[in-house]
>>> print(open('work-v7.cif').read())   # mmCIF, C-alpha atoms
data_query
#
loop_
_atom_site.label_atom_id
_atom_site.label_comp_id
_atom_site.auth_asym_id
_atom_site.auth_seq_id
_atom_site.Cartn_x
_atom_site.Cartn_y
_atom_site.Cartn_z
CA MET O 1 0.00 0.00 0.00
CA THR O 2 1.27 3.44 -0.86
CA HIS O 3 1.53 6.10 1.85
CA TYR O 4 -1.71 8.04 2.32
CA GLU O 5 -1.89 11.08 4.55
CA THR O 6 -5.30 11.82 6.05
CA PRO O 7 -6.34 15.37 5.11
CA ALA O 8 -7.13 17.60 8.10
CA GLU O 9 -9.08 20.31 6.28
CA PRO O 10 -11.62 20.31 3.44
CA PRO O 11 -9.87 20.99 0.12
CA GLN O 12 -10.58 24.23 -1.72
CA ALA O 13 -10.06 22.59 -5.10
CA GLY O 14 -10.51 19.04 -6.31
CA TRP O 15 -13.17 16.47 -7.17
CA ASP O 16 -16.85 16.07 -6.32
CA LEU O 17 -17.30 12.36 -5.59
CA HIS O 18 -21.04 12.28 -4.83
CA CYS O 19 -23.26 13.20 -7.78
CA HIS O 20 -26.66 11.97 -9.04
CA THR O 21 -28.26 12.10 -12.47
CA VAL O 22 -31.59 11.22 -14.09
CA PHE O 23 -30.63 7.55 -13.78
CA SER O 24 -31.74 7.78 -10.15
CA ASP O 25 -33.14 10.87 -8.45
CA GLY O 26 -31.15 13.69 -10.06
CA THR O 27 -32.70 16.12 -12.52
CA GLU O 28 -29.73 16.44 -14.91
CA THR O 29 -28.36 13.99 -17.47
CA PRO O 30 -24.81 12.65 -17.20
CA GLU O 31 -23.92 15.11 -19.96
CA GLY O 32 -25.34 17.92 -17.82
CA LEU O 33 -23.25 16.79 -14.86
CA VAL O 34 -20.08 16.88 -16.93
CA ALA O 35 -20.90 20.28 -18.43
CA GLU O 36 -21.55 21.84 -15.02
CA ALA O 37 -18.37 20.33 -13.55
CA ARG O 38 -16.36 21.77 -16.44
CA ARG O 39 -17.98 25.17 -15.99
CA LEU O 40 -17.04 25.19 -12.31
CA GLY O 41 -13.45 24.15 -12.98
CA LEU O 42 -13.59 20.95 -10.94
CA HIS O 43 -10.65 18.58 -11.32
CA GLY O 44 -13.13 15.76 -11.92
CA VAL O 45 -16.36 14.14 -10.71
CA ALA O 46 -17.86 10.77 -9.84
CA ILE O 47 -21.27 9.62 -11.05
CA THR O 48 -22.93 7.83 -8.11
CA ASP O 49 -26.58 7.13 -8.87
CA HIS O 50 -28.58 5.01 -6.43
CA ASP O 51 -28.20 1.23 -6.79
CA THR O 52 -27.32 1.29 -10.49
CA ALA O 53 -24.52 1.71 -13.00
CA ALA O 54 -26.96 2.44 -15.84
CA GLY O 55 -25.71 5.99 -16.39
CA TRP O 56 -22.04 5.08 -16.67
CA GLU O 57 -21.92 4.69 -20.46
CA LEU O 58 -23.34 8.14 -21.19
CA ALA O 59 -21.23 9.69 -18.43
CA GLU O 60 -18.05 8.11 -19.78
CA ARG O 61 -18.76 9.35 -23.31
CA ALA O 62 -19.50 12.88 -22.09
CA ALA O 63 -16.41 12.97 -19.87
CA ARG O 64 -14.11 11.81 -22.68
CA GLU O 65 -15.56 14.36 -25.10
CA ALA O 66 -15.17 17.15 -22.54
CA GLY O 67 -11.72 16.03 -21.36
CA LEU O 68 -12.97 15.84 -17.77
CA PRO O 69 -11.59 13.04 -15.58
CA MET O 70 -14.30 10.87 -14.03
CA LEU O 71 -14.70 8.12 -11.45
CA ARG O 72 -17.57 5.70 -11.81
CA GLY O 73 -19.57 4.58 -8.81
CA THR O 74 -22.91 3.90 -7.16
CA GLU O 75 -24.60 5.01 -3.95
CA ILE O 76 -25.89 1.89 -2.24
CA THR O 77 -28.63 1.89 0.40
CA ALA O 78 -27.81 -0.42 3.31
CA GLU O 79 -28.78 -1.14 6.92
CA ASP O 80 -26.75 -1.69 10.07
CA GLU O 81 -28.58 -2.54 13.31
CA ASN O 82 -31.62 -0.47 12.30
CA VAL O 83 -29.51 2.46 11.10
CA SER O 84 -30.08 3.37 7.44
CA VAL O 85 -26.67 3.77 5.82
CA HIS O 86 -25.70 5.06 2.37
CA MET O 87 -22.45 3.73 0.95
CA LEU O 88 -20.48 4.81 -2.10
CA GLY O 89 -19.02 1.98 -4.15
CA LEU O 90 -16.36 3.44 -6.47
CA GLN O 91 -14.37 1.98 -9.36
CA TYR O 92 -15.81 -1.53 -9.07
CA ASP O 93 -16.22 -3.94 -11.99
CA PRO O 94 -19.91 -3.66 -13.03
CA ARG O 95 -19.74 -7.11 -14.64
CA ASN O 96 -19.32 -8.76 -11.24
CA VAL O 97 -22.27 -11.14 -10.69
CA HIS O 98 -22.63 -10.56 -6.94
CA ILE O 99 -22.88 -6.78 -7.13
CA SER O 100 -25.14 -6.92 -10.19
CA GLN O 101 -27.55 -9.20 -8.36
CA LEU O 102 -27.43 -6.98 -5.26
CA PHE O 103 -28.44 -3.94 -7.33
CA ALA O 104 -31.19 -5.83 -9.16
CA SER O 105 -32.80 -7.06 -5.95
CA THR O 106 -32.53 -3.67 -4.24
CA ARG O 107 -34.03 -1.85 -7.23
CA GLU O 108 -36.94 -4.30 -7.33
CA ALA O 109 -37.51 -3.85 -3.58
CA ARG O 110 -37.43 -0.07 -4.03
CA LEU O 111 -40.01 -0.32 -6.80
CA VAL O 112 -42.43 -2.40 -4.72
CA ARG O 113 -41.96 -0.15 -1.68
CA THR O 114 -42.54 2.99 -3.76
CA LYS O 115 -45.77 1.59 -5.21
CA HIS O 116 -47.06 0.83 -1.71
CA MET O 117 -46.18 4.35 -0.53
CA VAL O 118 -48.07 5.81 -3.49
CA GLU O 119 -51.11 3.68 -2.59
CA ARG O 120 -51.05 5.15 0.93
CA LEU O 121 -50.56 8.71 -0.29
CA ALA O 122 -53.32 8.40 -2.91
CA GLU O 123 -55.87 8.12 -0.10
CA ASP O 124 -55.13 11.74 0.89
CA PHE O 125 -53.43 13.41 -2.09
CA PRO O 126 -54.04 13.78 -5.87
CA ILE O 127 -51.33 11.29 -6.80
CA SER O 128 -51.23 7.99 -8.71
CA TRP O 129 -48.64 5.49 -9.83
CA GLU O 130 -48.99 6.91 -13.35
CA SER O 131 -48.21 10.44 -12.13
CA VAL O 132 -45.11 9.14 -10.35
CA GLN O 133 -43.95 7.27 -13.45
CA ALA O 134 -44.31 10.52 -15.39
CA GLN O 135 -41.44 11.93 -13.28
CA VAL O 136 -39.06 9.12 -14.26
CA LYS O 137 -36.56 10.26 -16.90
CA GLU O 138 -34.94 7.03 -18.11
CA GLY O 139 -37.73 4.47 -17.93
CA GLY O 140 -36.76 1.06 -16.59
CA ARG O 141 -33.12 2.12 -16.25
CA THR O 142 -33.99 4.67 -13.55
CA THR O 143 -33.84 3.71 -9.88
CA ILE O 144 -37.30 4.82 -8.67
CA GLY O 145 -37.84 6.09 -5.14
CA ARG O 146 -39.22 8.79 -2.87
CA PRO O 147 -37.86 11.70 -4.93
CA HIS O 148 -40.13 10.72 -7.80
CA ILE O 149 -43.11 10.69 -5.41
CA ALA O 150 -42.07 14.13 -4.22
CA ASP O 151 -41.86 15.39 -7.80
CA ALA O 152 -45.35 14.03 -8.53
CA LEU O 153 -46.70 15.90 -5.51
CA VAL O 154 -45.02 19.07 -6.75
CA ALA O 155 -46.51 18.55 -10.21
CA ALA O 156 -49.95 18.15 -8.59
CA GLY O 157 -49.51 21.46 -6.76
CA VAL O 158 -49.39 19.93 -3.28
CA TYR O 159 -45.90 21.31 -2.62
CA ALA O 160 -43.79 23.99 -4.25
CA THR O 161 -40.51 22.05 -4.23
CA ARG O 162 -39.13 18.57 -3.74
CA SER O 163 -37.54 19.71 -0.47
CA GLU O 164 -40.94 20.80 0.86
CA ALA O 165 -42.37 17.39 -0.02
CA PHE O 166 -39.53 15.68 1.82
CA ALA O 167 -40.26 17.82 4.86
CA GLY O 168 -43.92 16.82 4.62
CA ALA O 169 -45.72 13.76 3.31
CA VAL O 170 -42.62 12.10 1.86
CA SER O 171 -40.67 12.45 5.12
CA ALA O 172 -39.31 9.33 6.81
CA ASN O 173 -41.35 10.44 9.83
CA SER O 174 -44.67 10.63 7.99
CA LYS O 175 -47.44 8.06 8.32
CA TYR O 176 -47.01 7.20 4.62
CA TYR O 177 -43.37 6.19 4.92
CA ILE O 178 -42.23 2.62 4.28
CA PRO O 179 -38.55 1.72 4.85
CA THR O 180 -36.55 0.46 1.88
CA PRO O 181 -35.63 -3.24 2.20
CA SER O 182 -31.84 -3.12 2.02
CA PRO O 183 -28.74 -5.32 2.26
CA THR O 184 -26.61 -4.97 5.37
CA THR O 185 -23.53 -2.76 5.38
CA HIS O 186 -21.47 -5.92 5.77
CA GLU O 187 -22.97 -7.39 2.60
CA VAL O 188 -22.24 -4.17 0.71
CA VAL O 189 -18.59 -4.05 1.81
CA ARG O 190 -18.22 -7.67 0.75
CA ALA O 191 -19.94 -7.19 -2.63
CA VAL O 192 -18.01 -4.04 -3.57
CA GLY O 193 -14.78 -5.68 -2.43
CA GLU O 194 -15.44 -8.79 -4.50
CA ALA O 195 -16.00 -6.50 -7.50
CA GLY O 196 -12.63 -4.84 -6.90
CA GLY O 197 -14.12 -1.53 -5.78
CA VAL O 198 -13.59 1.02 -3.03
CA THR O 199 -16.26 1.46 -0.34
CA ILE O 200 -16.92 4.78 1.39
CA ILE O 201 -19.66 5.48 3.95
CA ALA O 202 -21.61 8.51 2.70
CA HIS O 203 -22.48 11.36 5.13
CA PRO O 204 -22.04 9.16 8.25
CA GLY O 205 -22.46 12.12 10.62
CA ASP O 206 -25.77 13.42 9.23
CA LEU O 207 -28.22 13.46 12.14
CA SER O 208 -31.09 14.59 9.91
CA ARG O 209 -31.23 11.16 8.29
CA ASN O 210 -31.38 8.92 11.36
CA PRO O 211 -32.34 9.31 15.02
CA ARG O 212 -29.14 7.36 15.68
CA LEU O 213 -25.81 7.41 13.83
CA LEU O 214 -23.39 4.57 13.23
CA SER O 215 -21.22 4.24 16.33
CA ASP O 216 -17.43 4.21 16.25
CA GLU O 217 -17.62 0.48 16.97
CA GLN O 218 -19.96 -0.19 14.04
CA ILE O 219 -17.69 1.75 11.69
CA GLU O 220 -14.59 -0.03 12.95
CA ARG O 221 -16.20 -3.44 12.43
CA LEU O 222 -16.72 -2.48 8.80
CA VAL O 223 -13.09 -1.33 8.57
CA ASP O 224 -12.04 -4.79 9.75
CA GLU O 225 -14.14 -6.24 6.89
CA GLY O 226 -12.64 -4.01 4.20
CA LEU O 227 -14.26 -0.56 4.39
CA ASP O 228 -11.97 1.96 2.69
CA GLY O 229 -13.12 5.37 3.83
CA LEU O 230 -15.54 7.98 5.14
CA GLU O 231 -17.22 10.90 3.40
CA VAL O 232 -16.28 13.59 5.93
CA TRP O 233 -16.74 16.71 3.81
CA HIS O 234 -20.53 16.77 3.33
CA ARG O 235 -23.06 19.45 4.23
CA GLY O 236 -24.93 17.00 6.49
CA ASN O 237 -21.97 16.36 8.80
CA PRO O 238 -21.78 19.06 11.50
CA PRO O 239 -18.33 20.17 12.83
CA GLU O 240 -18.33 17.85 15.84
CA GLN O 241 -19.15 14.87 13.63
CA ARG O 242 -16.41 15.81 11.17
CA GLU O 243 -13.94 15.78 14.05
CA ARG O 244 -15.19 12.38 15.22
CA LEU O 245 -14.97 10.93 11.72
CA LEU O 246 -11.49 12.38 11.12
CA ALA O 247 -10.31 10.81 14.38
CA ILE O 248 -11.55 7.40 13.21
CA ALA O 249 -9.96 7.93 9.79
CA ARG O 250 -6.58 8.80 11.35
CA ARG O 251 -6.75 5.88 13.76
CA ARG O 252 -7.68 3.34 11.10
CA HIS O 253 -5.86 4.89 8.10
CA LEU O 254 -9.05 5.46 6.13
CA LEU O 255 -9.57 7.51 3.00
CA VAL O 256 -11.34 10.83 3.58
CA THR O 257 -13.61 12.06 0.80
CA GLY O 258 -15.94 14.97 0.12
CA GLY O 259 -18.98 15.35 -2.09
CA SER O 260 -21.92 17.61 -2.66
CA ASP O 261 -24.63 14.93 -2.95
CA TRP O 262 -25.67 16.92 -6.02
CA HIS O 263 -29.09 16.21 -7.55
CA GLY O 264 -29.33 19.08 -10.02
CA ALA O 265 -32.51 21.00 -9.23
CA GLY O 266 -33.69 18.16 -6.98
CA LYS O 267 -31.82 19.48 -3.92
CA PRO O 268 -30.30 22.80 -2.87
CA ASN O 269 -26.85 21.14 -2.76
CA ARG O 270 -24.44 22.87 -5.17
CA LEU O 271 -22.07 20.85 -7.32
CA GLY O 272 -18.57 21.20 -5.91
CA GLU O 273 -19.62 22.61 -2.54
CA ASN O 274 -17.61 19.83 -0.85
CA LEU O 275 -14.60 18.28 -2.54
CA THR O 276 -12.05 15.46 -2.44
CA ASP O 277 -8.35 16.18 -2.88
CA ASP O 278 -6.31 14.82 -5.79
CA ALA O 279 -4.17 12.52 -3.62
CA THR O 280 -7.24 10.70 -2.30
CA VAL O 281 -8.60 10.26 -5.82
CA ARG O 282 -5.27 8.80 -6.95
CA GLU O 283 -5.47 6.26 -4.12
CA ILE O 284 -9.06 5.34 -5.04
CA VAL O 285 -7.98 4.76 -8.65
CA ARG O 286 -4.99 2.70 -7.50
CA ARG O 287 -7.22 0.44 -5.40
CA GLY O 288 -10.06 0.14 -7.90
CA ALA O 289 -10.70 -2.49 -10.57
CA ILE O 290 -11.40 -0.15 -13.49
CA PRO O 291 -9.40 2.73 -14.99
CA LEU O 292 -9.99 6.42 -14.51
CA ILE O 293 -11.94 8.02 -17.36
CA ARG O 294 -9.90 10.79 -19.00
#
>>> encode(input="work-v7.cif", output="structure tokens")
Amino acid sequence: MTHYETPAEPPQAGWDLHCHTVFSDGTETPEGLVAEARRLGLHGVAITDHDTAAGWELAERAAREAGLPMLRGTEITAEDENVSVHMLGLQYDPRNVHISQLFASTREARLVRTKHMVERLAEDFPISWESVQAQVKEGGRTTIGRPHIADALVAAGVYATRSEAFAGAVSANSKYYIPTPSPTTHEVVRAVGEAGGVTIIAHPGDLSRNPRLLSDEQIERLVDEGLDGLEVWHRGNPPEQRERLLAIARRRHLLVTGGSDWHGAGKPNRLGENLTDDATVREIVRRGAIPLIR
């Protein structure tokens, strides 16, 4: 293993390693992601749609044409002792059978869960499964979930924005909410590792997502199983959580990444608002199974 020095401060220039497109719950195409990253002068980006690699081909083509370096990845929904956990799998081989099956089963479970949520919501709101499907940009290749419900409620005039819908009827605390059936964090680390990828826990200090966060002990168990890093630089991680996560990263020699969690117009998060330094990206590429797109 090459020497890796844990960064102590968020970088002022670098890569955005947490970005979504229309292949999950973003509002921009992969081409739009690349164009915006170029406009902002980012060193590069990662495409990380939920539970799919369907957008990789278009993203790769756009990145090559624009001359923008790109990592390829996926944000994977997982569970750890009743804590919902999002994990970034980067630079894995998408042809790996285990990870392909994991995504297929998760996407199917998301679809069934979303339909049931729409049935509940339809009792009180002008919404239908057809109106939710109308918000899906890439048909069967799109990972469907709560954001598409939110967009249907906005289209029906119930809310002004997706964020308002998520604060209301689409909230995880609402009576309409149904949890997403998910693999465990341990299964995700194993699957991404088998596919030659790098696993990062996304926004692990974000208290707005869970009443309880992953403990130091839970994170360290995953490190023992092959976890590579933590997304420290994220708007959801408050200062005290960043310090906690950096301490774990230093102690266990973990990669430290940053990302905006960009969804285009789907969230207020701005592309490039949190970044990953070049040295960390080089280490991710070194560990991964597939080459950097240039």
>>> resolve_selection(input="work-v7.cif", expression="the PyMOL selection byres ((chain O and resi 68) around 7)", output="list of chain:residue names")
O:Arg38, O:Gly44, O:Ala63, O:Arg64, O:Ala66, O:Gly67, O:Pro69, O:Met70, O:Arg294
>>> residues_around(input="work-v7.cif", residues="Arg242 of chain O", least_positions_apart="2", cutoff="10 Å", atoms="only C-alpha atoms", output="count of residues only")
21
>>> resolve_selection(input="work-v7.cif", expression="the PyMOL selection byres ((chain O and resi 189) around 10)", output="JSON, numbers by chain")
{"O": [87, 88, 89, 184, 185, 186, 187, 188, 190, 191, 192, 193, 194, 195, 197, 198, 199, 200, 201, 222, 223, 225, 226, 227, 228]}
>>> resolve_selection(input="work-v7.cif", expression="the PyMOL selection byres ((chain O and resi 211) around 12)", output="list in words")
Asn82, Val83, Ser84, Ala172, Asn173, Gly205, Asp206, Leu207, Ser208, Arg209, Asn210, Arg212, Leu213 and Leu214 of chain O
>>> residues_around(input="work-v7.cif", residues="Ser131 of chain O", least_positions_apart="2", cutoff="9 Å", atoms="only C-alpha atoms", output="list in words")
Ile127, Ser128, Trp129, Gln133, Ala134, Gln135, Ile149, Ala152, Leu153, Ala155 and Ala156 of chain O
>>> atom_distance(input="work-v7.cif", atom1="atom CA of Arg287 of chain O", atom2="atom CA of Arg235 of chain O")
26.6 Å
>>> closest_residue(input="work-v7.cif", among="O:Ser260, O:Pro126, O:Gly140, O:Pro10", to="Gly157 of chain O", atoms="all atoms listed in the file")
O:Pro126
>>> closest_residue(input="work-v7.cif", among="O:Ser174, O:Thr6, O:Ser215, O:Thr142", to="Thr27 of chain O", atoms="all atoms listed in the file")
O:Thr142
>>> closest_residue(input="work-v7.cif", among="O:Glu5, O:Ile144, O:Glu36, O:Gly288", to="Leu254 of chain O", atoms="all atoms listed in the file")
O:Glu5
>>> atom_distance(input="work-v7.cif", atom1="atom CA of Glu81 of chain O", atom2="atom CA of Asp224 of chain O")
17.1 Å
>>> closest_residue(input="work-v7.cif", among="O:Gly258, O:Gly145, O:Pro11, O:Gly139", to="Lys115 of chain O", atoms="only C-alpha atoms")
O:Gly145
>>> atom_distance(input="work-v7.cif", atom1="atom CA of Met117 of chain O", atom2="atom CA of Pro179 of chain O")
9.7 Å
